[in-house]
file model17.cif (mmCIF, C-alpha atoms)
data_entry
#
loop_
_atom_site.label_atom_id
_atom_site.label_comp_id
_atom_site.auth_asym_id
_atom_site.auth_seq_id
_atom_site.Cartn_x
_atom_site.Cartn_y
_atom_site.Cartn_z
CA MET A 1 -45.20 -49.22 -35.99
CA GLU A 2 -45.25 -47.66 -32.51
CA ILE A 3 -49.03 -47.29 -32.65
CA SER A 4 -49.34 -50.97 -33.60
CA ARG A 5 -47.29 -51.97 -30.55
CA CYS A 6 -49.47 -49.81 -28.31
CA VAL A 7 -52.61 -51.36 -29.77
CA LEU A 8 -51.30 -54.88 -29.22
CA ALA A 9 -50.11 -54.13 -25.70
CA SER A 10 -53.46 -52.75 -24.63
CA CYS A 11 -55.87 -55.15 -26.37
CA PRO A 12 -58.81 -55.42 -26.05
CA GLY A 13 -58.50 -51.70 -25.30
CA PRO A 14 -57.41 -49.30 -22.55
CA HIS A 15 -59.71 -47.94 -19.88
CA ALA A 16 -57.71 -44.70 -19.84
CA ILE A 17 -55.45 -42.73 -22.15
CA ILE A 18 -53.13 -40.54 -20.07
CA LEU A 19 -51.74 -37.53 -21.92
CA VAL A 20 -48.75 -36.19 -19.98
CA MET A 21 -47.75 -32.59 -20.51
CA GLN A 22 -45.80 -29.92 -18.72
CA LEU A 23 -47.81 -27.38 -16.77
CA GLY A 24 -47.84 -23.97 -18.41
CA ARG A 25 -47.10 -25.24 -21.90
CA TYR A 26 -49.26 -26.47 -24.71
CA THR A 27 -46.75 -26.81 -27.50
CA GLU A 28 -47.28 -27.48 -31.17
CA GLU A 29 -45.95 -31.01 -30.62
CA GLU A 30 -48.58 -31.64 -27.93
CA GLN A 31 -51.28 -30.25 -30.21
CA LYS A 32 -50.11 -32.62 -32.95
CA THR A 33 -50.16 -35.52 -30.47
CA VAL A 34 -53.79 -34.81 -29.60
CA ALA A 35 -54.63 -34.48 -33.31
CA LEU A 36 -52.89 -37.81 -34.00
CA ILE A 37 -54.81 -39.55 -31.21
CA LYS A 38 -58.06 -38.23 -32.67
CA ALA A 39 -57.03 -39.17 -36.23
CA VAL A 40 -55.99 -42.70 -35.33
CA PHE A 41 -58.57 -43.55 -32.68
CA GLY A 42 -61.35 -41.07 -33.46
CA GLU A 43 -63.19 -38.58 -31.27
CA PRO A 44 -64.51 -41.30 -28.90
CA ALA A 45 -60.96 -41.63 -27.54
CA MET A 46 -61.48 -38.32 -25.76
CA LYS A 47 -64.05 -39.99 -23.46
CA HIS A 48 -61.15 -42.07 -22.13
CA MET A 49 -58.50 -39.35 -21.87
CA ILE A 50 -57.04 -37.77 -18.75
CA ILE A 51 -54.48 -34.98 -18.88
CA LEU A 52 -51.66 -35.30 -16.36
CA PHE A 53 -49.71 -32.08 -15.88
CA THR A 54 -46.16 -32.32 -14.56
CA ARG A 55 -44.34 -29.61 -12.57
CA LYS A 56 -47.11 -29.05 -10.02
CA GLU A 57 -44.61 -27.04 -7.98
CA GLU A 58 -44.83 -24.26 -10.59
CA LEU A 59 -48.37 -23.51 -9.44
CA GLU A 60 -46.80 -22.11 -6.27
CA ASP A 61 -49.70 -20.68 -4.23
CA HIS A 62 -52.25 -21.01 -7.05
CA SER A 63 -54.69 -23.85 -7.63
CA LEU A 64 -54.92 -25.91 -10.78
CA SER A 65 -58.35 -24.33 -11.36
CA ASP A 66 -56.75 -20.86 -11.27
CA PHE A 67 -54.15 -21.96 -13.79
CA LEU A 68 -56.73 -23.50 -16.11
CA ARG A 69 -58.90 -20.37 -16.10
CA GLY A 70 -55.97 -18.46 -17.60
CA ALA A 71 -54.77 -21.26 -19.89
CA ASP A 72 -54.49 -21.16 -23.67
CA ILE A 73 -57.89 -21.49 -25.38
CA ARG A 74 -56.68 -24.57 -27.30
CA LEU A 75 -55.69 -26.30 -24.05
CA ARG A 76 -59.03 -25.42 -22.44
CA SER A 77 -60.78 -26.81 -25.51
CA ILE A 78 -58.94 -30.15 -25.22
CA LEU A 79 -59.71 -30.28 -21.51
CA GLU A 80 -63.37 -29.72 -22.26
CA GLU A 81 -63.31 -32.51 -24.86
CA CYS A 82 -61.97 -34.93 -22.28
CA GLY A 83 -64.50 -33.93 -19.64
CA ASP A 84 -62.14 -31.64 -17.72
CA ARG A 85 -60.32 -34.70 -16.34
CA CYS A 86 -56.87 -33.63 -15.25
CA CYS A 87 -54.50 -33.65 -12.32
CA THR A 88 -50.97 -32.56 -11.50
CA PHE A 89 -47.83 -34.32 -10.34
CA SER A 90 -44.83 -32.65 -8.73
CA ASN A 91 -41.54 -33.56 -10.36
CA ARG A 92 -39.47 -32.42 -7.40
CA SER A 93 -41.33 -33.89 -4.47
CA THR A 94 -39.33 -36.25 -2.30
CA ASP A 95 -42.14 -36.67 0.21
CA ARG A 96 -43.44 -40.22 -0.04
CA ALA A 97 -46.88 -39.26 1.30
CA GLU A 98 -47.25 -36.55 -1.35
CA LYS A 99 -46.20 -38.94 -4.12
CA GLU A 100 -48.71 -41.52 -2.91
CA ALA A 101 -51.44 -38.86 -2.72
CA GLN A 102 -50.72 -37.86 -6.33
CA VAL A 103 -50.98 -41.45 -7.52
CA ARG A 104 -54.16 -41.95 -5.48
CA GLU A 105 -55.69 -38.84 -7.07
CA LEU A 106 -54.90 -40.14 -10.57
CA VAL A 107 -56.26 -43.62 -9.79
CA GLU A 108 -59.46 -42.12 -8.36
CA LEU A 109 -59.83 -39.99 -11.48
CA ILE A 110 -59.42 -43.10 -13.65
CA GLU A 111 -61.91 -45.08 -11.55
CA LYS A 112 -64.49 -42.29 -11.75
CA MET A 113 -64.03 -42.03 -15.51
CA VAL A 114 -64.37 -45.82 -15.94
CA GLN A 115 -67.54 -45.72 -13.86
CA ASN A 116 -68.93 -42.85 -15.98
CA ASN A 117 -68.10 -44.90 -19.09
CA GLN A 118 -70.03 -47.87 -17.60
CA GLY A 119 -66.81 -49.85 -17.28
CA ALA A 120 -66.30 -49.89 -21.03
CA TYR A 121 -62.74 -49.83 -22.28
CA PHE A 122 -61.87 -47.81 -25.36
CA SER A 123 -62.29 -49.86 -28.50
CA ASP A 124 -62.52 -48.91 -32.13
CA ALA A 125 -61.90 -50.39 -35.55
CA ILE A 126 -58.14 -50.59 -34.98
CA TYR A 127 -58.61 -52.75 -31.89
CA LYS A 128 -61.27 -54.89 -33.54
CA ASP A 129 -59.07 -55.40 -36.60
CA THR A 130 -56.08 -56.32 -34.42
CA GLU A 131 -58.20 -58.72 -32.37
CA GLU A 132 -59.46 -60.37 -35.55
CA LYS A 133 -55.92 -60.79 -36.90
CA LEU A 134 -54.77 -62.28 -33.60
CA ARG A 135 -57.76 -64.64 -33.52
CA LYS A 136 -57.01 -65.84 -37.07
CA ARG A 137 -53.33 -66.33 -36.25
CA GLU A 138 -54.27 -68.31 -33.14
CA GLU A 139 -56.63 -70.53 -35.16
CA PHE A 140 -53.91 -71.07 -37.77
CA LEU A 141 -51.35 -72.05 -35.12
CA LYS A 142 -53.84 -74.39 -33.43
CA LYS A 143 -54.52 -76.06 -36.77
CA ILE A 144 -50.81 -76.53 -37.43
CA TYR A 145 -50.28 -77.96 -33.95
CA THR A 146 -53.32 -80.26 -34.26
CA ASP A 147 -52.22 -81.49 -37.69
CA GLN A 148 -48.77 -82.38 -36.31
CA ASN A 149 -50.22 -84.64 -33.59
#

call {"tool": "encode", "arguments": {"input": "model17.cif", "output": "structure tokens"}}
result
Amino acid sequence: MEISRCVLASCPGPHAIILVMQLGRYTEEEQKTVALIKAVFGEPAMKHMIILFTRKEELEDHSLSDFLRGADIRLRSILEECGDRCCTFSNRSTDRAEKEAQVRELVELIEKMVQNNQGAYFSDAIYKDTEEKLRKREEFLKKIYTDQN
């Protein structure tokens, strides 16, 4: 049911799928989430995925690149599948400029990905099926309304 609501809310399809996970962890639940995304939407969904790591402050003096070099092989594999698109957000930052810079970095990452995807939003059979059902319902409602007048 939740997937259906997401599909309806994002029709005709999202430009980006943001997978949010805590820095330093790639849990079984997160692995299952990625597997579910692939099972429901197919491998092409990975072309539209960005990984957003929280807890940037835990990097301390290290860069995200340093962290990723030492990351779990399964996490590195997922990153590779989504074109190494990722960024980090600090949970603890109270600095408005830093928060704005984080959002700007994510938006720029999304814009670059959309450009690389030639502006295409993610669409698959689920979206097409939902669109078709909505179109038929709209036609039905129009017919009822027209018949009443």

call {"tool": "closest_residue", "arguments": {"input": "model17.cif", "among": "A:His48, A:Arg25, A:Arg55, A:Arg92", "to": "Leu75 (chain A)", "atoms": "only C-alpha atoms"}}
result
A:Arg25

call {"tool": "atom_distance", "arguments": {"input": "model17.cif", "atom1": "CA of Val20 (chain A)", "atom2": "CA of Leu52 (chain A)"}}
result
4.7 Å

call {"tool": "closest_residue", "arguments": {"input": "model17.cif", "among": "A:Arg85, A:Arg69, A:His62, A:Arg74", "to": "Ile18 (chain A)", "atoms": "only C-alpha atoms"}}
result
A:Arg85

call {"tool": "resolve_selection", "arguments": {"input": "model17.cif", "expression": "the PyMOL selection byres ((chain A and resi 89) around 8)", "output": "list in words"}}
result
Leu52, Phe53, Thr54, Arg55, Lys56, Cys87, Thr88, Ser90, Asn91, Lys99 and Gln102 of chain A

call {"tool": "resolve_selection", "arguments": {"input": "model17.cif", "expression": "the PyMOL selection byres ((chain A and resi 117) around 12)", "output": "list in words"}}
result
His15, Ala16, Pro44, Ala45, Met46, Lys47, His48, Met49, Gly83, Ile110, Glu111, Lys112, Met113, Val114, Gln115, Asn116, Gln118, Gly119, Ala120, Tyr121 and Phe122 of chain A

call {"tool": "axis_aligned_box", "arguments": {"input": "model17.cif", "around": "region 73-78 of chain A", "padding_each_side": "6 Å", "output": "lines of an AutoDock Vina configuration file"}}
result
center_x = -58.2
center_y = -25.8
center_z = -24.9
size_x = 17.1
size_y = 20.7
size_z = 16.9

call {"tool": "atom_distance", "arguments": {"input": "model17.cif", "atom1": "CA of Tyr26 (chain A)", "atom2": "CA of Asp72 (chain A)"}}
result
7.5 Å

call {"tool": "atom_distance", "arguments": {"input": "model17.cif", "atom1": "CA of Ile51 (chain A)", "atom2": "CA of Ile78 (chain A)"}}
result
9.1 Å

call {"tool": "closest_residue", "arguments": {"input": "model17.cif", "among": "A:Ala39, A:Leu59, A:Val34, A:Leu106", "to": "Leu19 (chain A)", "atoms": "only C-alpha atoms"}}
result
A:Val34

call {"tool": "closest_residue", "arguments": {"input": "model17.cif", "among": "A:Ala35, A:Leu109, A:Val103, A:Leu23", "to": "Glu58 (chain A)", "atoms": "only C-alpha atoms"}}
result
A:Leu23
